[in-house]
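As provided, final-v8.tsv (TSV, C-alpha atoms) reads as follows.
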```tsv
chain	number	residue	atom	x	y	z
A	485	MET	CA	26.76	35.92	1.25
A	486	GLU	CA	25.40	38.99	3.04
A	487	ALA	CA	24.49	38.33	6.65
A	488	ARG	CA	20.85	38.68	7.60
A	489	LYS	CA	19.96	41.82	9.54
A	490	ALA	CA	17.87	41.95	12.69
A	491	SER	CA	14.72	43.65	11.42
A	492	GLU	CA	11.96	44.75	13.79
A	493	ALA	CA	9.70	42.01	12.41
A	494	LEU	CA	12.33	39.34	13.08
A	495	ILE	CA	12.93	40.64	16.60
A	496	LYS	CA	9.21	40.44	17.38
A	497	THR	CA	9.00	36.92	15.94
A	498	VAL	CA	11.94	35.73	18.04
A	499	LEU	CA	10.63	37.28	21.25
A	500	LYS	CA	7.19	35.77	20.73
A	501	ASP	CA	8.55	32.24	20.30
A	502	TYR	CA	12.29	31.96	20.86
A	503	GLU	CA	12.34	28.20	21.38
A	504	GLY	CA	10.04	27.63	18.43
A	505	ALA	CA	12.27	29.73	16.18
A	506	LEU	CA	15.29	27.66	17.21
A	507	ARG	CA	13.42	24.38	16.64
A	508	TYR	CA	12.38	25.55	13.19
A	509	CYS	CA	16.02	26.20	12.27
A	510	ASP	CA	17.18	22.91	13.79
A	511	ASN	CA	14.54	20.93	11.89
A	512	ARG	CA	15.45	22.59	8.60
A	513	TYR	CA	19.15	21.98	9.17
A	514	ALA	CA	18.53	18.31	9.99
A	515	SER	CA	16.41	17.94	6.85
A	516	TYR	CA	19.10	19.47	4.64
A	517	GLN	CA	21.76	17.33	6.28
A	518	LYS	CA	19.73	14.16	5.70
A	519	SER	CA	19.26	15.08	2.04
A	520	TYR	CA	22.98	15.68	1.69
A	521	LEU	CA	23.85	12.25	3.11
A	522	CYS	CA	21.22	10.57	0.92
A	523	GLU	CA	22.63	12.22	-2.19
A	524	LYS	CA	26.13	11.12	-1.22
A	525	GLU	CA	25.02	7.51	-0.78
A	526	SER	CA	23.02	7.64	-4.01
A	527	LEU	CA	26.05	8.78	-5.97
A	528	GLN	CA	28.19	6.00	-4.54
A	529	SER	CA	25.61	3.30	-5.29
A	530	PHE	CA	25.15	4.60	-8.84
A	531	ALA	CA	28.82	3.89	-9.59
A	532	PHE	CA	28.58	0.18	-8.82
A	533	PRO	CA	26.58	-0.92	-11.92
A	534	LYS	CA	29.01	0.91	-14.19
A	535	ILE	CA	32.00	-0.84	-12.69
A	536	HIS	CA	30.17	-4.19	-12.81
A	537	TYR	CA	29.14	-3.93	-16.45
A	538	ASP	CA	32.55	-2.73	-17.57
A	539	SER	CA	34.11	-5.84	-16.10
A	540	GLN	CA	31.88	-8.04	-18.30
A	541	GLY	CA	33.34	-6.66	-21.52
A	542	MET	CA	30.39	-4.67	-22.86
A	543	GLY	CA	30.65	-2.79	-26.16
A	544	SER	CA	32.44	0.55	-26.35
A	545	ARG	CA	29.20	2.41	-27.26
A	546	THR	CA	27.41	1.02	-24.23
A	547	LYS	CA	30.36	1.84	-22.04
A	548	LYS	CA	30.40	5.40	-23.36
A	549	ASP	CA	26.66	5.83	-22.80
A	550	LEU	CA	26.97	4.56	-19.25
A	551	GLY	CA	29.99	6.77	-18.70
A	552	ASP	CA	28.20	9.87	-19.99
A	553	LEU	CA	25.15	9.06	-17.89
A	554	TYR	CA	27.28	8.63	-14.81
A	555	LEU	CA	29.16	11.90	-15.40
A	556	ALA	CA	25.90	13.80	-15.93
A	557	PHE	CA	24.45	12.29	-12.77
A	558	GLN	CA	27.65	13.04	-10.87
A	559	LYS	CA	27.55	16.69	-11.99
A	560	GLN	CA	23.91	17.02	-11.02
A	561	GLN	CA	24.52	15.50	-7.61
A	562	LYS	CA	27.54	17.71	-7.01
A	563	GLU	CA	25.56	20.85	-7.80
A	564	PHE	CA	22.70	19.73	-5.58
A	565	LYS	CA	25.06	18.98	-2.69
A	566	GLU	CA	26.61	22.43	-3.07
A	567	GLU	CA	23.14	23.97	-2.89
A	568	LEU	CA	22.42	21.97	0.25
A	569	ILE	CA	25.64	23.19	1.85
A	570	VAL	CA	24.69	26.80	1.10
A	571	ALA	CA	21.22	26.18	2.54
A	572	MET	CA	22.70	24.68	5.73
A	573	GLN	CA	25.06	27.64	6.10
A	574	LYS	CA	22.13	30.03	5.71
A	575	VAL	CA	20.13	28.20	8.39
A	576	ALA	CA	23.15	28.28	10.71
A	577	GLU	CA	23.42	32.05	10.21
A	578	GLN	CA	19.70	32.48	10.89
A	579	ARG	CA	20.02	30.46	14.08
A	580	GLU	CA	22.96	32.57	15.18
A	581	MET	CA	20.93	35.75	14.58
A	582	ILE	CA	18.03	34.37	16.63
A	583	HIS	CA	20.46	33.63	19.45
A	584	ARG	CA	21.99	37.13	19.20
A	585	ILE	CA	18.55	38.77	19.34
A	586	TRP	CA	17.62	36.83	22.46
A	587	LEU	CA	20.89	37.68	24.21
A	588	CYS	CA	20.51	41.36	23.34
A	589	PHE	CA	16.97	41.29	24.69
A	590	GLN	CA	18.21	39.78	27.96
A	591	GLY	CA	20.76	42.59	28.27
A	592	LEU	CA	18.31	45.47	27.86
A	593	PRO	CA	17.86	48.03	30.65
A	594	LYS	CA	15.03	46.93	32.95
A	595	GLU	CA	12.50	49.52	31.76
A	596	GLU	CA	12.93	48.55	28.11
A	597	TYR	CA	13.14	44.84	28.90
A	598	ASP	CA	9.85	44.91	30.82
A	599	ILE	CA	8.05	46.59	27.92
A	600	LEU	CA	9.22	44.12	25.26
A	601	HIS	CA	8.71	41.15	27.57
A	602	ALA	CA	5.11	42.14	28.26
A	603	LEU	CA	4.31	42.97	24.62
A	604	TYR	CA	5.95	40.07	22.82
A	605	VAL	CA	7.00	37.32	25.23
A	606	GLU	CA	3.78	37.45	27.28
A	607	ASN	CA	1.82	38.70	24.25
A	608	MET	CA	-0.16	41.23	26.29
A	609	PRO	CA	-2.30	43.88	24.52
A	610	TYR	CA	-0.46	47.09	23.67
A	611	LYS	CA	-2.92	49.31	25.56
A	612	ALA	CA	-2.70	47.18	28.69
A	613	VAL	CA	1.09	47.29	28.74
A	614	GLU	CA	1.09	51.02	28.08
A	615	LYS	CA	-1.36	51.62	30.92
A	616	SER	CA	0.64	49.53	33.39
A	617	SER	CA	3.80	51.48	32.54
A	618	LYS	CA	2.21	54.64	34.00
A	619	VAL	CA	3.89	56.91	31.47
A	620	SER	CA	2.51	58.92	28.57
A	621	HIS	CA	1.87	57.27	25.21
A	622	ARG	CA	4.72	59.24	23.69
A	623	THR	CA	7.18	58.13	26.37
A	624	PHE	CA	5.99	54.54	26.22
A	625	GLU	CA	6.39	54.32	22.45
A	626	LYS	CA	9.75	56.04	22.68
A	627	ASN	CA	10.95	53.42	25.17
A	628	ARG	CA	9.58	50.57	23.06
A	629	SER	CA	11.19	51.89	19.88
A	630	SER	CA	14.44	52.56	21.72
A	631	ALA	CA	14.54	48.95	22.94
A	632	ILE	CA	13.98	47.59	19.43
A	633	LYS	CA	16.63	49.88	17.96
A	634	ARG	CA	19.09	48.98	20.71
A	635	ILE	CA	18.70	45.29	19.85
A	636	GLN	CA	19.08	46.02	16.14
A	637	ASP	CA	22.20	48.14	16.57
A	638	VAL	CA	23.98	45.60	18.75
A	639	CYS	CA	22.84	42.52	16.80
A	640	ASN	CA	23.96	44.03	13.51
A	641	SER	CA	27.30	45.12	14.94
A	642	GLU	CA	30.54	43.13	14.90
A	643	LEU	CA	30.37	42.57	18.65
A	644	PRO	CA	31.05	38.87	19.39
A	645	THR	CA	28.06	36.85	20.52
A	646	SER	CA	29.86	36.00	23.76
A	647	ARG	CA	29.77	39.68	24.78
A	648	LEU	CA	26.20	40.53	23.83
A	649	PHE	CA	24.69	39.85	27.24
A	650	CYS	CA	26.92	42.46	28.88
A	651	TYR	CA	26.51	45.16	26.25
A	652	ALA	CA	24.03	47.15	28.37
A	653	GLU	CA	26.51	47.49	31.22
A	654	GLU	CA	29.24	48.48	28.78
A	655	GLU	CA	26.99	51.06	27.15
A	656	GLU	CA	26.09	52.54	30.53
A	657	ARG	CA	29.75	52.78	31.47
A	658	GLN	CA	30.57	54.56	28.22
A	659	ARG	CA	27.66	56.96	28.73
A	660	GLU	CA	28.96	57.88	32.17
A	661	GLU	CA	32.41	58.44	30.72
A	662	ARG	CA	31.00	60.75	28.05
A	663	GLU	CA	29.14	62.74	30.69
A	664	THR	CA	32.21	63.20	32.88
A	665	GLN	CA	34.68	63.82	30.05
A	666	PRO	CA	33.89	67.55	29.51
A	667	TYR	CA	34.31	68.15	33.25
A	668	GLU	CA	37.63	66.35	33.28
A	669	GLN	CA	38.84	68.28	30.24
A	670	MET	CA	37.90	71.58	31.88
A	671	ASN	CA	39.83	70.66	35.00
A	672	LEU	CA	42.86	69.75	32.92
A	673	SER	CA	42.66	73.05	31.07
A	674	GLU	CA	42.44	74.96	34.32
A	675	PHE	CA	45.39	73.01	35.64
A	676	LEU	CA	47.50	73.85	32.59
A	677	ASP	CA	46.49	77.51	32.81
A	678	GLY	CA	47.51	77.50	36.43
A	679	GLU	CA	50.85	75.94	35.60
A	680	GLU	CA	51.45	78.56	32.92
A	681	ASP	CA	50.67	81.38	35.34
A	682	THR	CA	53.09	79.88	37.86
A	683	ILE	CA	55.88	79.75	35.28
A	684	LYS	CA	55.31	83.38	34.27
A	685	LYS	CA	55.56	84.46	37.87
```

Encoded form using structure tokens:
Amino acid sequence: MEARKASEALIKTVLKDYEGALRYCDNRYASYQKSYLCEKESLQSFAFPKIHYDSQGMGSRTKKDLGDLYLAFQKQQKEFKEELIVAMQKVAEQREMIHRIWLCFQGLPKEEYDILHALYVENMPYKAVEKSSKVSHRTFEKNRSSAIKRIQDVCNSELPTSRLFCYAEEEERQREERETQPYEQMNLSEFLDGEEDTIKK
């Protein structure tokens, strides 16, 4: 089954009501689980009449009819239980994605975090948040879009959930390394050139 992706719409929904989104998943999971247990008990109780009637020496035709009915019911219940298991797995994956989105949101750089928090967690009007940011509309929208995309990229990556909260610090460290790498390579090249000149002398 393909894992659900963190769309912009889903991110907004989670930020607007994180606890509500989790409760919705938990309630659905509990409902599916209850149905699964009920079906299991129903299948077990359905077997008792068959065993009871067989012991009283009923005719072969009646036994066959009861046997066929039981097998059909058993097949139906098995298929339904398998569907319930798939549904519970899907809900568990959705809950995990909600959790990943929230952790990624918590790990955003402050400027991006403040924008999304005001827009979706506090549900403030777009214009009011933009005005309070004291930047141009273009810059504000760029920061908002960047924050959403950052959450999407990390959520949809293979990064373990346990490391999501620290991804911003890791990304900043990697950015600094990329910025200093050309300088370090130039120094190394100069060093090698110097060594070569020394050897020639």

- Which value, in Å to one decimal, gives the distance between atom CA of Leu499 of chain A and atom CA of Ser641 of chain A?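 These atoms are spaced 19.5 Å apart.
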
- For atom CA of Asp637 of chain A and atom CA of Arg512 of chain A, the interatomic separation in Å (one decimal): 27.6 Å

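Checking A:Lys574, A:Lys500, A:Arg579, A:Lys489 one by one against Tyr604 of chain A, counting all atoms listed in the file, you find the shortest gap at A:Lys500.
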
- Message: Please list as a ChimeraX atom specification every residue within 10 Å of segment 590-602 of chain A, counting all atoms listed in the file and excluding residues in the same chain fewer than 2 positions away.
- Response: /A:496,499-500,584-588,604-610,612-614,616-617,624-632,634-635,648-653,656

- Query: Between A:His583, A:Lys611, A:Tyr554, A:Ser519, which is the closest to Glu567 of chain A once you count only C-alpha atoms?
  - Reply: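 For Glu567 of chain A, the nearest of the candidates is A:Ser519.
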